[in-house]
file structure21.csv (CSV, C-alpha atoms and all ligand atoms)
chain,number,residue,atom,x,y,z
A,1,MET,CA,-3.0,62.8,-43.5
A,2,LEU,CA,-3.6,66.5,-44.2
A,3,THR,CA,-7.1,67.4,-45.1
A,4,HIS,CA,-7.6,69.6,-48.3
A,5,ASP,CA,-8.5,72.6,-46.1
A,6,LEU,CA,-5.4,72.3,-44.0
A,7,VAL,CA,-3.3,72.0,-47.1
A,8,GLU,CA,-4.8,75.2,-48.5
A,9,GLU,CA,-4.2,77.0,-45.2
A,10,ARG,CA,-0.6,76.0,-45.1
A,11,SER,CA,0.1,76.8,-48.8
A,12,PHE,CA,2.7,79.5,-49.4
A,13,PHE,CA,0.5,80.5,-52.3
A,14,GLY,CA,-2.8,80.7,-50.4
A,15,GLY,CA,-2.7,84.5,-50.6
A,16,LEU,CA,-3.0,84.5,-54.4
A,17,THR,CA,-6.4,85.2,-56.0
A,18,ALA,CA,-7.5,83.9,-59.4
A,19,GLN,CA,-6.5,86.1,-62.3
A,20,PRO,CA,-8.3,86.5,-65.6
A,21,ALA,CA,-6.5,85.7,-68.8
A,22,ASP,CA,-5.1,88.8,-70.6
A,23,ALA,CA,-8.1,89.7,-72.8
A,24,LEU,CA,-6.0,91.2,-75.6
A,25,LEU,CA,-3.7,88.2,-75.9
A,26,ALA,CA,-6.6,85.8,-75.7
A,27,LEU,CA,-8.0,87.3,-78.9
A,28,ILE,CA,-5.1,85.7,-80.9
A,29,GLY,CA,-6.3,82.2,-79.9
A,30,LEU,CA,-10.0,83.0,-80.4
A,31,HIS,CA,-9.3,84.3,-84.0
A,32,ARG,CA,-7.1,81.4,-84.8
A,33,ALA,CA,-9.8,78.9,-83.8
A,34,ASP,CA,-12.4,80.6,-86.0
A,35,ALA,CA,-12.8,78.6,-89.2
A,36,ARG,CA,-14.8,81.3,-91.1
A,37,PRO,CA,-13.0,82.4,-94.3
A,38,GLY,CA,-13.9,86.1,-94.1
A,39,LYS,CA,-12.9,86.5,-90.4
A,40,MET,CA,-11.1,89.8,-89.5
A,41,ASP,CA,-8.3,90.0,-87.0
A,42,LEU,CA,-8.4,93.6,-85.7
A,43,GLY,CA,-7.2,92.7,-82.2
A,44,ILE,CA,-3.6,92.8,-81.1
A,45,GLY,CA,-1.5,95.6,-82.4
A,46,MET,CA,0.7,94.1,-85.2
A,47,PHE,CA,1.2,95.5,-88.7
A,48,ARG,CA,-0.5,93.4,-91.4
A,49,ASP,CA,-0.2,93.5,-95.2
A,50,ASP,CA,-3.1,93.1,-97.6
A,51,LEU,CA,-2.9,89.4,-97.2
A,52,GLY,CA,-3.3,89.7,-93.4
A,53,GLN,CA,0.3,88.7,-92.9
A,54,THR,CA,2.9,90.3,-90.5
A,55,PRO,CA,6.0,89.7,-92.6
A,56,VAL,CA,9.6,89.9,-91.4
A,57,MET,CA,10.9,93.2,-92.8
A,58,ARG,CA,13.3,93.0,-95.7
A,59,ALA,CA,16.2,94.7,-94.0
A,60,VAL,CA,15.6,92.6,-90.9
A,61,LYS,CA,15.8,89.4,-92.9
A,62,VAL,CA,19.1,90.4,-94.4
A,63,ALA,CA,20.5,91.5,-91.0
A,64,GLU,CA,19.5,88.2,-89.5
A,65,ALA,CA,21.4,86.3,-92.2
A,66,MET,CA,24.4,88.5,-91.6
A,67,LEU,CA,24.2,87.8,-87.9
A,68,VAL,CA,24.1,84.0,-88.4
A,69,GLU,CA,27.1,84.4,-90.7
A,70,GLN,CA,29.1,86.7,-88.5
A,71,GLN,CA,28.3,85.8,-84.9
A,72,GLU,CA,30.9,83.5,-83.4
A,73,SER,CA,29.8,83.3,-79.8
A,74,LYS,CA,26.8,83.6,-77.7
A,75,SER,CA,28.8,84.5,-74.7
A,76,TYR,CA,27.3,87.0,-72.2
A,77,LEU,CA,27.4,90.7,-73.2
A,78,GLY,CA,26.5,92.2,-69.7
A,79,THR,CA,23.6,94.1,-68.3
A,80,GLU,CA,24.0,96.9,-71.0
A,81,GLY,CA,23.5,94.4,-73.8
A,82,ASP,CA,24.7,95.3,-77.3
A,83,GLY,CA,27.1,98.2,-76.9
A,84,CYS,CA,26.2,100.1,-80.1
A,85,PHE,CA,22.4,99.4,-80.2
A,86,ALA,CA,21.2,102.2,-77.9
A,87,ALA,CA,23.6,104.7,-79.4
A,88,LEU,CA,22.6,104.0,-83.0
A,89,LEU,CA,18.9,103.9,-82.1
A,90,ALA,CA,19.3,107.2,-80.2
A,91,GLU,CA,20.1,109.0,-83.6
A,92,VAL,CA,16.7,107.8,-84.9
A,93,VAL,CA,14.8,108.6,-81.8
A,94,PHE,CA,16.3,112.0,-80.8
A,95,GLY,CA,18.1,113.3,-83.9
A,96,ALA,CA,21.0,115.3,-82.5
A,97,GLY,CA,21.6,116.5,-79.0
A,98,THR,CA,21.5,113.5,-76.6
A,99,ASP,CA,23.9,115.0,-74.0
A,100,ARG,CA,21.9,114.5,-70.9
A,101,LEU,CA,20.4,111.2,-71.9
A,102,THR,CA,21.2,107.8,-70.4
A,103,GLY,CA,20.1,104.9,-72.5
A,104,VAL,CA,19.9,101.2,-71.9
A,105,GLN,CA,18.7,98.2,-74.0
A,106,THR,CA,15.5,96.5,-72.6
A,107,PRO,CA,13.4,93.5,-73.3
A,108,GLY,CA,10.7,95.3,-75.4
A,109,GLY,CA,8.8,98.5,-74.6
A,110,THR,CA,7.3,96.7,-71.6
A,111,GLY,CA,10.7,96.1,-70.1
A,112,ALA,CA,11.5,99.8,-70.7
A,113,LEU,CA,8.4,100.9,-68.9
A,114,ARG,CA,9.0,98.6,-66.0
A,115,LEU,CA,12.6,99.6,-65.7
A,116,GLY,CA,11.6,103.3,-65.7
A,117,ALA,CA,8.9,102.6,-63.1
A,118,GLU,CA,11.5,100.8,-60.9
A,119,LEU,CA,13.9,103.7,-61.2
A,120,ILE,CA,11.2,106.2,-60.1
A,121,ALA,CA,10.1,103.9,-57.3
A,122,ARG,CA,13.7,103.8,-56.1
A,123,SER,CA,14.3,107.5,-56.4
A,124,ARG,CA,10.9,108.8,-55.3
A,125,PRO,CA,9.0,106.0,-53.5
A,126,GLY,CA,5.3,106.8,-53.5
A,127,ALA,CA,5.3,109.2,-56.5
A,128,THR,CA,1.9,109.0,-58.1
A,129,VAL,CA,1.8,108.1,-61.8
A,130,TRP,CA,-1.0,109.9,-63.7
A,131,ILE,CA,-2.4,108.0,-66.7
A,132,GLY,CA,-5.0,109.3,-69.2
A,133,THR,CA,-7.9,107.1,-69.9
A,134,PRO,CA,-8.4,105.1,-72.0
A,135,THR,CA,-4.8,103.7,-72.3
A,136,TRP,CA,-3.0,100.5,-73.1
A,137,PRO,CA,-4.3,98.0,-70.5
A,138,ASN,CA,-0.8,97.1,-69.4
A,139,HIS,CA,0.2,100.6,-68.3
A,140,ALA,CA,-1.4,100.7,-64.9
A,141,PRO,CA,-0.3,97.2,-63.9
A,142,ILE,CA,3.3,97.9,-64.8
A,143,PHE,CA,3.5,101.0,-62.5
A,144,ARG,CA,1.5,99.4,-59.7
A,145,ASP,CA,3.6,96.3,-59.7
A,146,ALA,CA,6.7,98.5,-59.3
A,147,GLY,CA,5.0,99.9,-56.2
A,148,LEU,CA,3.9,103.2,-57.5
A,149,PRO,CA,0.3,104.4,-57.0
A,150,VAL,CA,-1.6,105.2,-60.1
A,151,GLN,CA,-4.3,107.8,-60.7
A,152,THR,CA,-6.2,108.3,-63.9
A,153,HIS,CA,-7.2,111.5,-65.6
A,154,ARG,CA,-9.7,112.0,-68.4
A,155,PHE,CA,-8.2,112.4,-71.8
A,156,PHE,CA,-10.6,111.3,-74.6
A,157,ASP,CA,-14.3,111.5,-75.2
A,158,VAL,CA,-15.2,108.2,-76.9
A,159,ALA,CA,-18.6,109.4,-78.2
A,160,SER,CA,-17.2,112.4,-80.1
A,161,ALA,CA,-13.8,110.6,-80.8
A,162,ALA,CA,-12.0,113.7,-79.7
A,163,ILE,CA,-9.4,114.6,-77.1
A,164,ASP,CA,-10.9,116.4,-74.1
A,165,PHE,CA,-8.0,118.5,-73.2
A,166,ASP,CA,-9.9,120.8,-70.7
A,167,ALA,CA,-11.0,117.7,-68.7
A,168,MET,CA,-7.4,116.4,-68.7
A,169,ILE,CA,-6.0,119.7,-67.4
A,170,GLU,CA,-8.8,119.9,-64.8
A,171,ASP,CA,-8.1,116.4,-63.5
A,172,LEU,CA,-4.3,117.1,-63.4
A,173,GLY,CA,-5.1,120.0,-61.0
A,174,ASP,CA,-4.9,117.3,-58.3
A,175,ALA,CA,-1.3,116.2,-59.3
A,176,GLN,CA,1.4,117.0,-56.8
A,177,ALA,CA,5.0,118.2,-57.4
A,178,GLY,CA,7.1,115.0,-57.8
A,179,ASP,CA,4.3,113.1,-59.6
A,180,VAL,CA,4.8,111.4,-62.9
A,181,LEU,CA,2.7,112.1,-66.1
A,182,LEU,CA,2.5,109.2,-68.5
A,183,LEU,CA,2.2,110.3,-72.2
A,184,HIS,CA,2.0,108.5,-75.5
A,185,GLY,CA,4.7,110.0,-77.8
A,186,CYS,CA,2.7,109.4,-81.0
A,187,CYS,CA,0.0,107.1,-82.4
A,188,HIS,CA,-2.0,106.9,-79.2
A,189,ASN,CA,-3.0,103.4,-78.1
A,190,PRO,CA,-6.0,102.8,-78.1
A,191,THR,CA,-7.5,106.0,-79.5
A,192,GLY,CA,-5.1,107.1,-82.4
A,193,ALA,CA,-5.7,110.6,-81.1
A,194,ASP,CA,-2.5,112.6,-80.6
A,195,PHE,CA,-2.1,116.1,-79.0
A,196,SER,CA,-1.7,119.1,-81.2
A,197,GLY,CA,1.6,121.1,-81.1
A,198,GLU,CA,-0.1,123.7,-78.9
A,199,GLN,CA,-1.4,121.1,-76.5
A,200,TRP,CA,2.1,119.5,-76.2
A,201,ARG,CA,3.5,123.0,-75.4
A,202,GLU,CA,0.8,123.4,-72.8
A,203,ILE,CA,1.7,120.0,-71.3
A,204,ALA,CA,5.4,121.1,-71.1
A,205,ARG,CA,4.3,124.3,-69.3
A,206,LEU,CA,2.1,122.3,-66.9
A,207,CYS,CA,5.0,119.9,-66.1
A,208,GLU,CA,7.3,122.8,-65.4
A,209,ARG,CA,4.8,124.8,-63.3
A,210,ARG,CA,3.6,121.8,-61.3
A,211,GLY,CA,6.9,119.9,-61.0
A,212,LEU,CA,5.7,116.8,-62.9
A,213,LEU,CA,8.0,114.3,-64.6
A,214,PRO,CA,6.9,113.4,-68.1
A,215,PHE,CA,7.2,109.7,-68.9
A,216,ILE,CA,6.8,109.2,-72.6
A,217,ASP,CA,5.9,105.8,-74.1
A,218,LEU,CA,7.1,105.9,-77.7
A,219,ALA,CA,6.2,102.5,-79.3
A,220,TYR,CA,5.1,103.5,-82.8
A,221,GLN,CA,7.7,105.9,-84.2
A,222,GLY,CA,7.4,106.0,-88.0
A,223,LEU,CA,3.9,104.6,-88.2
A,224,GLY,CA,2.1,108.0,-87.8
A,225,ASP,CA,3.5,110.8,-89.9
A,226,GLY,CA,7.2,109.7,-90.3
A,227,LEU,CA,10.2,109.0,-88.1
A,228,ASP,CA,11.1,112.6,-87.3
A,229,ALA,CA,7.5,113.9,-87.2
A,230,ASP,CA,6.5,111.2,-84.8
A,231,ALA,CA,9.3,112.0,-82.4
A,232,ALA,CA,8.8,115.8,-82.6
A,233,ALA,CA,6.5,116.1,-79.6
A,234,MET,CA,8.8,114.1,-77.4
A,235,ARG,CA,11.9,116.0,-78.6
A,236,GLY,CA,10.1,119.3,-77.8
A,237,LEU,CA,9.4,118.1,-74.3
A,238,LEU,CA,13.0,117.2,-73.8
A,239,ARG,CA,14.1,120.7,-74.9
A,240,ALA,CA,11.5,122.4,-72.6
A,241,LEU,CA,12.2,120.4,-69.5
A,242,PRO,CA,15.3,119.3,-67.6
A,243,GLU,CA,14.2,115.8,-66.9
A,244,ALA,CA,12.1,113.1,-68.6
A,245,VAL,CA,11.8,109.4,-69.1
A,246,ILE,CA,11.3,107.7,-72.6
A,247,ALA,CA,10.3,104.1,-73.0
A,248,TYR,CA,10.9,102.9,-76.5
A,249,SER,CA,9.8,99.9,-78.5
A,250,CYS,CA,11.2,98.5,-81.8
A,251,ASP,CA,8.5,95.8,-81.9
A,252,LYS,CA,6.3,97.6,-84.4
A,253,ASN,CA,8.7,99.8,-86.5
A,254,PHE,CA,11.2,97.0,-87.0
A,255,GLY,CA,8.5,94.3,-86.9
A,256,LEU,CA,10.5,92.4,-84.2
A,257,TYR,CA,7.5,91.7,-81.9
A,258,ARG,CA,8.5,88.4,-80.4
A,259,GLU,CA,12.2,89.3,-80.2
A,260,ARG,CA,11.4,91.9,-77.5
A,261,VAL,CA,13.6,94.8,-78.4
A,262,GLY,CA,13.3,98.1,-76.6
A,263,ALA,CA,15.3,100.8,-74.8
A,264,LEU,CA,14.8,103.2,-71.9
A,265,TRP,CA,16.3,106.7,-71.9
A,266,VAL,CA,16.4,109.0,-69.0
A,267,GLN,CA,17.1,112.7,-69.4
A,268,SER,CA,18.4,113.9,-66.1
A,269,ILE,CA,20.2,116.9,-64.6
A,270,SER,CA,23.0,114.5,-63.4
A,271,THR,CA,23.5,111.4,-65.4
A,272,ASP,CA,26.0,109.5,-63.2
A,273,PRO,CA,23.7,107.9,-60.6
A,274,VAL,CA,21.0,107.3,-63.2
A,275,ARG,CA,23.2,104.9,-65.3
A,276,GLY,CA,24.4,103.0,-62.2
A,277,ASN,CA,20.9,102.6,-60.8
A,278,LEU,CA,19.4,101.5,-64.2
A,279,LEU,CA,22.1,98.8,-64.5
A,280,THR,CA,21.6,97.5,-61.0
A,281,LEU,CA,17.8,97.4,-61.4
A,282,ALA,CA,18.1,95.7,-64.8
A,283,ARG,CA,20.5,93.2,-63.3
A,284,SER,CA,17.9,92.1,-60.7
A,285,LEU,CA,15.0,92.2,-63.2
A,286,TRP,CA,16.5,90.3,-66.2
A,287,SER,CA,20.2,90.4,-65.6
A,288,MET,CA,21.0,90.9,-69.3
A,289,PRO,CA,18.6,91.8,-72.2
A,290,PRO,CA,17.9,89.3,-75.0
A,291,ASP,CA,20.4,89.9,-77.8
A,292,HIS,CA,19.1,88.7,-81.2
A,293,GLY,CA,16.6,91.5,-82.0
A,294,ALA,CA,18.8,94.3,-80.7
A,295,ALA,CA,21.8,93.0,-82.7
A,296,VAL,CA,19.6,93.0,-85.8
A,297,VAL,CA,18.5,96.6,-85.2
A,298,ARG,CA,22.2,97.5,-84.7
A,299,LEU,CA,23.1,95.8,-88.0
A,300,VAL,CA,20.3,97.6,-89.9
A,301,LEU,CA,21.2,101.0,-88.5
A,302,GLU,CA,24.9,100.8,-89.1
A,303,ASN,CA,24.6,99.7,-92.7
A,304,ALA,CA,23.5,102.6,-95.0
A,305,ALA,CA,21.8,100.4,-97.6
A,306,LEU,CA,19.9,98.4,-95.0
A,307,ARG,CA,18.9,101.5,-93.1
A,308,ALA,CA,17.5,103.1,-96.2
A,309,ASP,CA,15.6,100.0,-97.1
A,310,TRP,CA,14.2,99.7,-93.6
A,311,ALA,CA,13.0,103.4,-93.7
A,312,ALA,CA,11.5,102.8,-97.2
A,313,GLU,CA,9.6,99.7,-96.0
A,314,LEU,CA,8.4,101.6,-92.9
A,315,ASP,CA,7.2,104.4,-95.2
A,316,ALA,CA,5.2,101.9,-97.2
A,317,MET,CA,3.7,100.4,-94.0
A,318,ARG,CA,2.7,103.8,-92.8
A,319,ALA,CA,1.2,104.7,-96.2
A,320,ARG,CA,-0.9,101.5,-96.1
A,321,ILE,CA,-2.3,102.3,-92.6
A,322,ASN,CA,-3.0,105.9,-93.6
A,323,GLU,CA,-4.8,104.9,-96.8
A,324,LEU,CA,-7.0,102.5,-94.8
A,325,ARG,CA,-7.7,105.3,-92.3
A,326,MET,CA,-8.9,107.6,-95.1
A,327,ALA,CA,-11.1,104.9,-96.6
A,328,LEU,CA,-12.6,104.1,-93.2
A,329,ALA,CA,-13.2,107.8,-92.5
A,330,ALA,CA,-15.0,108.2,-95.8
A,331,SER,CA,-17.2,105.2,-95.2
A,332,HIS,CA,-19.4,106.4,-92.4
A,333,PRO,CA,-20.0,109.8,-90.7
A,334,ARG,CA,-19.4,108.3,-87.3
A,335,LEU,CA,-15.9,107.1,-88.4
A,336,ALA,CA,-14.9,110.5,-89.9
A,337,ALA,CA,-12.5,111.4,-87.0
A,338,ILE,CA,-10.3,108.3,-87.9
A,339,GLY,CA,-9.0,110.2,-90.9
A,340,ASP,CA,-7.4,112.8,-88.6
A,341,GLN,CA,-5.9,110.2,-86.1
A,342,ARG,CA,-2.7,108.3,-86.5
A,343,GLY,CA,-1.1,104.9,-85.9
A,344,MET,CA,-2.5,101.5,-85.9
A,345,PHE,CA,-5.5,102.0,-83.7
A,346,ALA,CA,-8.9,103.6,-83.6
A,347,LEU,CA,-11.4,103.4,-80.7
A,348,LEU,CA,-15.0,102.9,-81.9
A,349,PRO,CA,-17.9,103.8,-79.6
A,350,LEU,CA,-19.0,100.2,-79.2
A,351,GLY,CA,-20.1,98.6,-75.9
A,352,PRO,CA,-19.0,95.0,-74.9
A,353,ASP,CA,-22.3,93.6,-76.3
A,354,ALA,CA,-21.6,95.0,-79.7
A,355,VAL,CA,-18.0,93.8,-79.7
A,356,GLU,CA,-19.2,90.3,-78.8
A,357,ALA,CA,-22.0,90.3,-81.4
A,358,LEU,CA,-19.5,91.4,-84.1
A,359,ARG,CA,-17.2,88.5,-83.2
A,360,ARG,CA,-20.1,86.0,-83.1
A,361,ASP,CA,-22.1,87.1,-86.1
A,362,HIS,CA,-19.4,88.5,-88.4
A,363,GLY,CA,-16.1,87.0,-87.3
A,364,ILE,CA,-14.8,90.5,-86.6
A,365,TYR,CA,-12.3,90.4,-83.7
A,366,MET,CA,-11.5,93.6,-81.9
A,367,ALA,CA,-10.4,94.5,-78.4
A,368,GLY,CA,-13.1,94.5,-75.7
A,369,ASN,CA,-13.1,98.3,-75.4
A,370,GLY,CA,-13.9,98.7,-79.2
A,371,ARG,CA,-10.3,99.3,-80.3
A,372,ILE,CA,-9.6,98.1,-83.8
A,373,ASN,CA,-6.2,97.5,-85.4
A,374,ILE,CA,-6.7,99.3,-88.7
A,375,ALA,CA,-3.8,97.4,-90.3
A,376,GLY,CA,-5.9,94.3,-90.0
A,377,LEU,CA,-8.3,95.6,-92.6
A,378,THR,CA,-7.9,95.6,-96.4
A,379,PRO,CA,-9.4,97.9,-99.0
A,380,GLU,CA,-11.6,95.0,-100.0
A,381,ASN,CA,-13.1,94.1,-96.6
A,382,ILE,CA,-13.6,97.7,-95.4
A,383,PRO,CA,-17.2,97.8,-96.8
A,384,ILE,CA,-18.0,94.4,-95.1
A,385,PHE,CA,-16.5,95.7,-91.9
A,386,VAL,CA,-18.5,99.0,-92.0
A,387,ALA,CA,-21.7,97.1,-92.9
A,388,GLY,CA,-21.2,94.9,-89.8
A,389,VAL,CA,-20.4,97.8,-87.5
A,390,ALA,CA,-22.8,100.4,-88.7
A,391,PRO,CA,-25.9,99.2,-86.9
A,392,TYR,CA,-24.1,99.7,-83.6
A,393,LEU,CA,-22.8,103.2,-84.4
A,394,ALA,CA,-26.1,104.9,-84.5
B,1,LIG,C1,-1.3,96.1,-78.3
B,1,LIG,O1,-1.7,97.0,-77.6
B,1,LIG,O2,-2.0,95.4,-79.0
B,1,LIG,C2,0.2,95.8,-78.4
B,1,LIG,O3,0.9,96.8,-77.7
B,1,LIG,C3,0.5,94.5,-77.9
B,1,LIG,C4,0.5,94.3,-76.5
B,1,LIG,O4,1.5,93.9,-75.9
B,1,LIG,O5,-0.5,94.5,-75.8
call {"tool": "encode", "arguments": {"input": "structure21.csv", "output": "structure tokens", "more": "lines below"}}
Ligand code: LMR
result
Amino acid sequence: MLTHDLVEERSFFGGLTAQPADALLALIGLHRADARPGKMDLGIGMFRDDLGQTPVMRAVKVAEAMLVEQQESKSYLGTEGDGCFAALLAEVVFGAGTDRLTGVQTPGGTGALRLGAELIARSRPGATVWIGTPTWPNHAPIFRDAGLPVQTHRFFDVASAAIDFDAMIEDLGDAQAGDVLLLHGCCHNPTGADFSGEQWREIARLCERRGLLPFIDLAYQGLGDGLDADAAAMRGLLRALPEAVIAYSCDKNFGLYRERVGALWVQSISTDPVRGNLLTLARSLWSMPPDHGAAVVRLVLENAALRADWAAELDAMRARINELRMALAASHPRLAAIGDQRGMFALLPLGPDAVEALRRDHGIYMAGNGRINIAGLTPENIPIFVAGVAPYLA
């Protein structure tokens, strides 16, 4: 009989080390298990209404009913997925002028990021990906798991809640030609702090001068200042530079979270090999993307009435977030910067002990780094939230 030690030694999986649970996703369960009536879910990034719900958007509901009615087969569509989805979405994302862009449907924004990372790893193995800190905790693992080294650069000063652009440029002094620069297109996660127009132009000049490839993560279009305004910085980079990668998510602006709807676009000097390589990589990663959510987006975008209703509901969602931002900014001097920032998130200068105490003593759930999802607040509970947080903001 094999002893336990011998079994361990022979295991194919003996090389694995224990992994912590994803801290952000774990918050969903922790909040759900809390029975306190006034608890606040400011954790994972999902839009919420005044009742704390994340409703299915009106146009999405109608399109889903149409899909059930019209769809006669679930037969395979192929690696490219829904033929019209990426083309219709491209109008929303890029406006006009998509000549040198290759787009493919992906399972969510994460799928798009991973596919883009795999494409770079295949084309330029060993290219370093530069990521500003703080960032979404899944960014670095996605690039590392695709085999690309990751380096971080400073980006944001938490204490003053402001972008530290000089520090960013200084750190990027170590980037080499052929490296990749990851950028948040709008509504920065977790800080809510977006670059100014002049800073974006400086980033474009830096990429050109140093031979860096911009990789733009655009996951919140429409939730900052509007559909076109939120895409303006990314569009400017595409005009200024010959090549770029854009990872896109429909999770938040179509409220399709669990359906996993995204797209990857690559702007390249030559588009031919890019498409073929994206398709072969996607084939080995997920073979074909999930259909339902992308078909719903396609139905919404190809129907003028549904498209208008989707845009109107998105406007209302954005207005709610920005009203909450203004109320928070006015509620405490240390929160004033939140009024100038955009999107769902703000990063509060709170240590892990304060985050833990707020959860324990007040039922306020936020990410471990002090990030709050502003949409999880209501005009009524903002004073309660601020009273809980204020002692830790001194
Ligand atoms: C978030 O940052 O809360 C969202 O992007 C959800 C996720 O997948 O982490």
call {"tool": "atom_distance", "arguments": {"input": "structure21.csv", "atom1": "CA of Thr79 (chain A)", "atom2": "CA of Ser284 (chain A)"}}
result
9.7 Å
call {"tool": "residues_around", "arguments": {"input": "structure21.csv", "residues": "region 378-381 of chain A", "least_positions_apart": "6", "cutoff": "9 Å", "atoms": "only C-alpha atoms", "output": "count of residues only"}}
result
9
call {"tool": "atom_distance", "arguments": {"input": "structure21.csv", "atom1": "CA of Leu115 (chain A)", "atom2": "CA of Leu279 (chain A)"}}
result
9.6 Å
call {"tool": "residues_near_ligand", "arguments": {"input": "structure21.csv", "ligand": "ligand LIG 1 (chain B)", "cutoff": "7 Å", "atoms": "only C-alpha atoms and all ligand atoms", "output": "list in words"}}
result
Leu24, Gly43, Ile44, Gly45, Met46, Trp136, Asn138 and Asn189 of chain A
call {"tool": "closest_residue", "arguments": {"input": "structure21.csv", "among": "A:Leu278, A:Ala96, A:Ala367, A:Ala140", "to": "Arg239 (chain A)", "atoms": "all atoms listed in the file"}}
result
A:Ala96
call {"tool": "closest_residue", "arguments": {"input": "structure21.csv", "among": "A:Asp230, A:Glu259, A:Glu202, A:Glu208", "to": "Val180 (chain A)", "atoms": "all atoms listed in the file"}}
result
A:Glu208
call {"tool": "closest_residue", "arguments": {"input": "structure21.csv", "among": "A:Leu42, A:Ala33, A:Leu89, A:Ala167", "to": "Leu299 (chain A)", "atoms": "all atoms listed in the file"}}
result
A:Leu89
call {"tool": "closest_residue", "arguments": {"input": "structure21.csv", "among": "A:Ala159, A:Ala112, A:Leu237, A:Leu223", "to": "Ala282 (chain A)", "atoms": "only C-alpha atoms"}}
result
A:Ala112
call {"tool": "residues_around", "arguments": {"input": "structure21.csv", "residues": "Ile216 (chain A)", "least_positions_apart": "4", "cutoff": "9 Å", "atoms": "only C-alpha atoms", "output": "list in words"}}
result
Leu181, Leu182, Leu183, His184, Gly185, Met234, Ala244, Val245, Ile246, Ala247 and Tyr248 of chain A
